Amino acid sequence: MENDIKALCLDMDGTLLNHHNQISDRTLEVIQHVRAKGILVFIVTGRSLLEVYDSAPEDIQLDGVVTANGMITHIHGRKIDEHSLSVHVIDRVIASAREHQIYYEVHPNDGSRISLQQDRDYMGNMIRGEKPEEVLMNEWLERQSAINGDIQWVESFLINRMLKCIVLVIISKK
């Protein structure tokens with residue numbers, strides 16, 4: 001019987017990644033085994049391309065990556081489709097996050113995640129405490145990693161091509 005499967009699309013969070021936000025050696029073996037059978041393997045995720053490769057082993061081989069919930073698509077290392085959020089949308093999300101002191105990151109289409117320098121203290125304080133029950137472990141670890149070095153802290157946003165803006169709302173029980 002001939003294999004009718006042509007491609008396999010995999011999510012990262014809750015699928016490929018373990019509780020430490022990494023792709024295990026065993027999962028990597030399975031991906032490479034599937035590719036060896038001639039099946040194309042794609043990661044389809046809400047993460048940016050940098051976030052994909054931050055969590056993936058250096059030797060992972062993929063046929064394509066769809067990032068930021070479909071905002072950018074790469075096939076065999078070549079970008080074939082790209083969208084961005086409007087500056088107006090980003091400005092509104094950031095203003096609301098700052099007003100309510102909600103953790104946020106902005107991800108340019110090409111580059112590292114950024115946040116405003118003036119928000120560094122309150123955002124860092126949110127992540128220093130215990131993990132709230134309602135926040136998933138992988139999300140908590142991702143934010144800790146961001147605060148501890150992944151974010152570029154800037155005085156203002158000068159980039160006009162943003163692919164995503166994330167916020168992390170933590171509801172404290174009093």
# chains A, B, ... in the order shown; residues from 1 in each chain; ligands from 1

call {"tool": "closest_atom_pairs", "arguments": {"of": "region 35-103 of chain A", "to": "region 112-134 of chain A", "cutoff": "10 Å", "atoms": "only C-alpha atoms", "output": "Markdown table"}}
result
| residue | atom | partner | partner_atom | distance |
| --- | --- | --- | --- | --- |
| A:Ser48 | CA | A:Arg113 | CA | 9.1 |
| A:Leu49 | CA | A:Ser112 | CA | 9.7 |
| A:Leu50 | CA | A:Ser112 | CA | 7.2 |
| A:Glu51 | CA | A:Ser112 | CA | 9.0 |
| A:Ile94 | CA | A:Ser115 | CA | 9.1 |
| A:Arg98 | CA | A:Asp119 | CA | 7.5 |
| A:Gln101 | CA | A:Tyr122 | CA | 6.9 |
| A:Ile102 | CA | A:Met123 | CA | 7.3 |
| A:Tyr103 | CA | A:Met123 | CA | 5.4 |

call {"tool": "select_by_dssp", "arguments": {"residues": "chain A", "states": "strand (DSSP E or B)", "output": "VMD selection string"}}
result
chain A and resid 7 to 10 17 23 40 to 44 64 to 67 72 to 75 78 to 82 85 103 to 108 114 to 116 152 to 154 162 to 168

call {"tool": "select_by_dssp", "arguments": {"residues": "region 15-94 of chain A", "states": "helix (DSSP H, G or I)", "output": "MDAnalysis selection string"}}
result
chainID A and resid 15:16 25:36 49:55 68:70 87:94

call {"tool": "closest_residue", "arguments": {"among": "A:Val65, A:Ile39, A:Val44, A:Val135", "to": "Ile80 (chain A)", "atoms": "only C-alpha atoms"}}
result
A:Val65

call {"tool": "atom_distance", "arguments": {"atom1": "CA of His33 (chain A)", "atom2": "CA of Pro57 (chain A)"}}
result
15.5 Å

call {"tool": "closest_residue", "arguments": {"among": "A:Lys37, A:Arg47, A:Phe157, A:Leu10", "to": "Val87 (chain A)", "atoms": "only C-alpha atoms"}}
result
A:Phe157

call {"tool": "atom_distance", "arguments": {"atom1": "CA of Met137 (chain A)", "atom2": "CA of His20 (chain A)"}}
result
8.1 Å

call {"tool": "atom_distance", "arguments": {"atom1": "CA of Arg35 (chain A)", "atom2": "CA of His76 (chain A)"}}
result
13.0 Å

call {"tool": "residues_around", "arguments": {"residues": "Gly14 (chain A)", "least_positions_apart": "3", "cutoff": "12 Å", "atoms": "only C-alpha atoms", "output": "list in words"}}
result
Leu10, Asp11, Leu17, Asn18, His19, His20, Asn21, Gln22, Ile23, Thr45, Gly46, Leu136, Met137, Asn138 and Glu139 of chain A

call {"tool": "write_last_selection", "arguments": {"atoms": "N, CA and C atoms", "output": "PDB file, in the first residue's frame"}}
result
ATOM      1  N   LEU A  10       2.606  20.359  12.321  1.00  0.00           N
ATOM      2  CA  LEU A  10       2.670  20.185  13.767  1.00  0.00           C
ATOM      3  C   LEU A  10       2.676  21.526  14.488  1.00  0.00           C
ATOM      4  N   ASP A  11       1.894  21.623  15.549  1.00  0.00           N
ATOM      5  CA  ASP A  11       1.922  22.786  16.429  1.00  0.00           C
ATOM      6  C   ASP A  11       3.074  22.592  17.411  1.00  0.00           C
ATOM      7  N   LEU A  17       6.445  20.536  22.023  1.00  0.00           N
ATOM      8  CA  LEU A  17       7.312  20.972  23.116  1.00  0.00           C
ATOM      9  C   LEU A  17       6.995  20.252  24.420  1.00  0.00           C
ATOM     10  N   ASN A  18       8.055  19.950  25.162  1.00  0.00           N
ATOM     11  CA  ASN A  18       7.862  19.384  26.496  1.00  0.00           C
ATOM     12  C   ASN A  18       7.596  20.523  27.486  1.00  0.00           C
ATOM     13  N   HIS A  19       7.550  20.202  28.767  1.00  0.00           N
ATOM     14  CA  HIS A  19       7.237  21.211  29.785  1.00  0.00           C
ATOM     15  C   HIS A  19       8.353  22.227  29.987  1.00  0.00           C
ATOM     16  N   HIS A  20       9.492  22.009  29.344  1.00  0.00           N
ATOM     17  CA  HIS A  20      10.607  22.949  29.421  1.00  0.00           C
ATOM     18  C   HIS A  20      10.747  23.752  28.132  1.00  0.00           C
ATOM     19  N   ASN A  21       9.694  23.738  27.306  1.00  0.00           N
ATOM     20  CA  ASN A  21       9.663  24.480  26.044  1.00  0.00           C
ATOM     21  C   ASN A  21      10.740  24.035  25.062  1.00  0.00           C
ATOM     22  N   GLN A  22      11.048  22.756  25.056  1.00  0.00           N
ATOM     23  CA  GLN A  22      12.055  22.212  24.141  1.00  0.00           C
ATOM     24  C   GLN A  22      11.477  21.024  23.385  1.00  0.00           C
ATOM     25  N   ILE A  23      12.018  20.772  22.194  1.00  0.00           N
ATOM     26  CA  ILE A  23      11.678  19.568  21.436  1.00  0.00           C
ATOM     27  C   ILE A  23      12.645  18.488  21.895  1.00  0.00           C
ATOM     28  N   THR A  45       2.474  27.471  13.909  1.00  0.00           N
ATOM     29  CA  THR A  45       2.461  27.919  15.297  1.00  0.00           C
ATOM     30  C   THR A  45       2.087  29.386  15.435  1.00  0.00           C
ATOM     31  N   GLY A  46       1.758  29.762  16.640  1.00  0.00           N
ATOM     32  CA  GLY A  46       1.553  31.172  16.964  1.00  0.00           C
ATOM     33  C   GLY A  46       2.865  31.870  17.268  1.00  0.00           C
ATOM     34  N   LEU A 136      -0.248  28.558  32.011  1.00  0.00           N
ATOM     35  CA  LEU A 136       0.402  27.290  31.680  1.00  0.00           C
ATOM     36  C   LEU A 136       1.914  27.395  31.899  1.00  0.00           C
ATOM     37  N   MET A 137       2.543  26.282  32.258  1.00  0.00           N
ATOM     38  CA  MET A 137       3.969  26.268  32.559  1.00  0.00           C
ATOM     39  C   MET A 137       4.809  26.730  31.368  1.00  0.00           C
ATOM     40  N   ASN A 138       4.474  26.269  30.156  1.00  0.00           N
ATOM     41  CA  ASN A 138       5.292  26.673  29.004  1.00  0.00           C
ATOM     42  C   ASN A 138       5.215  28.182  28.782  1.00  0.00           C
ATOM     43  N   GLU A 139       4.055  28.770  29.009  1.00  0.00           N
ATOM     44  CA  GLU A 139       3.896  30.225  28.842  1.00  0.00           C
ATOM     45  C   GLU A 139       4.701  30.963  29.920  1.00  0.00           C
TER      46      GLU A 139
END

call {"tool": "closest_residue", "arguments": {"among": "A:Ile31, A:Ala36, A:Ile75, A:Ala95", "to": "Ile60 (chain A)", "atoms": "only C-alpha atoms"}}
result
A:Ile31
